[in-house]
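Just below is one structure, and these are the notes that go with it.
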Amino acid sequence: MIFCTRRTFLAAGGTLASGLPGGKSFIGGAAAAEDLPPASPTVLAPPTMAPDIVFQQADGTEHRLSEFLGWGMVVNFWATWCAPCVAEMPALAALSRALAPHDIAVMPLSSDRGGAAVVRRFFDSQRIAGLPVLLDPKGAAGRQFDVQGIPSTVIIDKKGRLRARLDGAADWSGPAIATRIRQLVG
């Protein structure tokens, strides 16, 4: 599992250096999503109600998860300083484009302390399009989902129930995972 915590980031000297399967690394930038294992979230049975987390838009406006009932949601907890997170972001953008016509939102919640400006710069520099700039700056939303490290992704159905979870980085860009998510969210 490719996983990142602030502690491992700081222990690595604050660089985007981290190992990938096959000996590849993130030094100097992100690895491609194809270097990551295919996304295979663990289905949670029975489904439970997702916590009604609070998160922020880029302009500071706060929202609650409950505002999105009726939509399927793929909520990803990440940060720009986390190499595995950086590696999976292009695949999440591709997933977002594939799921948007099906009323399923991909919601990347950044825990970057620098806020929206840091995320915007990252999205611009990596040419990430189709994802909103959303923030969980103090990690409160992540704690409510019991996120132990990032990236972590939860899949929530249209009734607001937690249906699946994946801890660690993965390639979310394939058609099979988009189909699976559509099935899970109903």
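Quick note on naming: the chains in the structure tokens go A, B, ... in the order shown, residues restart at 1 in each chain, and ligands are numbered from 1 in order of appearance.
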Exercise for review: Excluding A:Arg161 and residues on its chain fewer than 3 positions from it, collect all residues at most 6 Å away from it, counting only C-alpha atoms, and give them as a ChimeraX atom specification.
Suggested key: /A:47-50,156-157
Create the file for the chosen residues now, containing N, CA and C atoms and written as a CSV table (one decimal), in the first residue's frame.
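Written output follows (out-v8.csv):
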chain,number,residue,atom,x,y,z
A,47,PRO,N,-23.8,-0.9,4.6
A,47,PRO,CA,-23.4,0.5,4.5
A,47,PRO,C,-23.8,1.3,5.8
A,48,THR,N,-23.1,2.3,6.2
A,48,THR,CA,-23.4,3.1,7.3
A,48,THR,C,-23.5,4.6,6.9
A,49,MET,N,-24.3,5.4,7.6
A,49,MET,CA,-24.4,6.8,7.2
A,49,MET,C,-23.0,7.4,7.3
A,50,ALA,N,-22.7,8.2,6.3
A,50,ALA,CA,-21.4,8.9,6.3
A,50,ALA,C,-21.5,10.1,7.3
A,156,ILE,N,-19.4,7.3,-1.3
A,156,ILE,CA,-20.7,7.5,-0.6
A,156,ILE,C,-21.8,7.5,-1.6
A,157,ASP,N,-22.9,6.7,-1.3
A,157,ASP,CA,-24.0,6.6,-2.2
A,157,ASP,C,-24.9,7.8,-2.2
Exercise for review: Just the strand (DSSP E or B) stuff from stretch 73-139 of chain A, please, per backbone DSSP, written as a ChimeraX atom specification.
Suggested key: /A:73-78,104-110,134-135
Review point. So which one's closest to A:Val54, A:Glu67, A:Gln148, A:Ala98, A:Gly114? Using only C-alpha atoms, please.
Key: A:Glu67
Review point. In Å to one decimal, how far is atom CA of A:Gly72 from atom CA of A:Lys158?
Key: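 Value for the atom CA of A:Lys158-atom CA of A:Gly72 distance: 4.6 Å.
Using only C-alpha atoms, the smallest distance between any of A:Ala141, A:Ala45, A:Met73, A:Val154 and A:Gly186 comes from A:Met73.
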Applying 8 Å and only C-alpha atoms, which residues near A:Ser40 remain after dropping the ones on its own chain fewer than 5 positions away? List them as a compact mmCIF listing (two decimals) with C-alpha atoms, in the first residue's frame.
# COMPACT_ATOMS: atom_id res chain seq x y z
CA LEU A 166 -9.59 2.65 -0.14
CA ALA A 170 -4.45 3.90 -6.70
CA ILE A 177 -13.59 1.42 -11.54
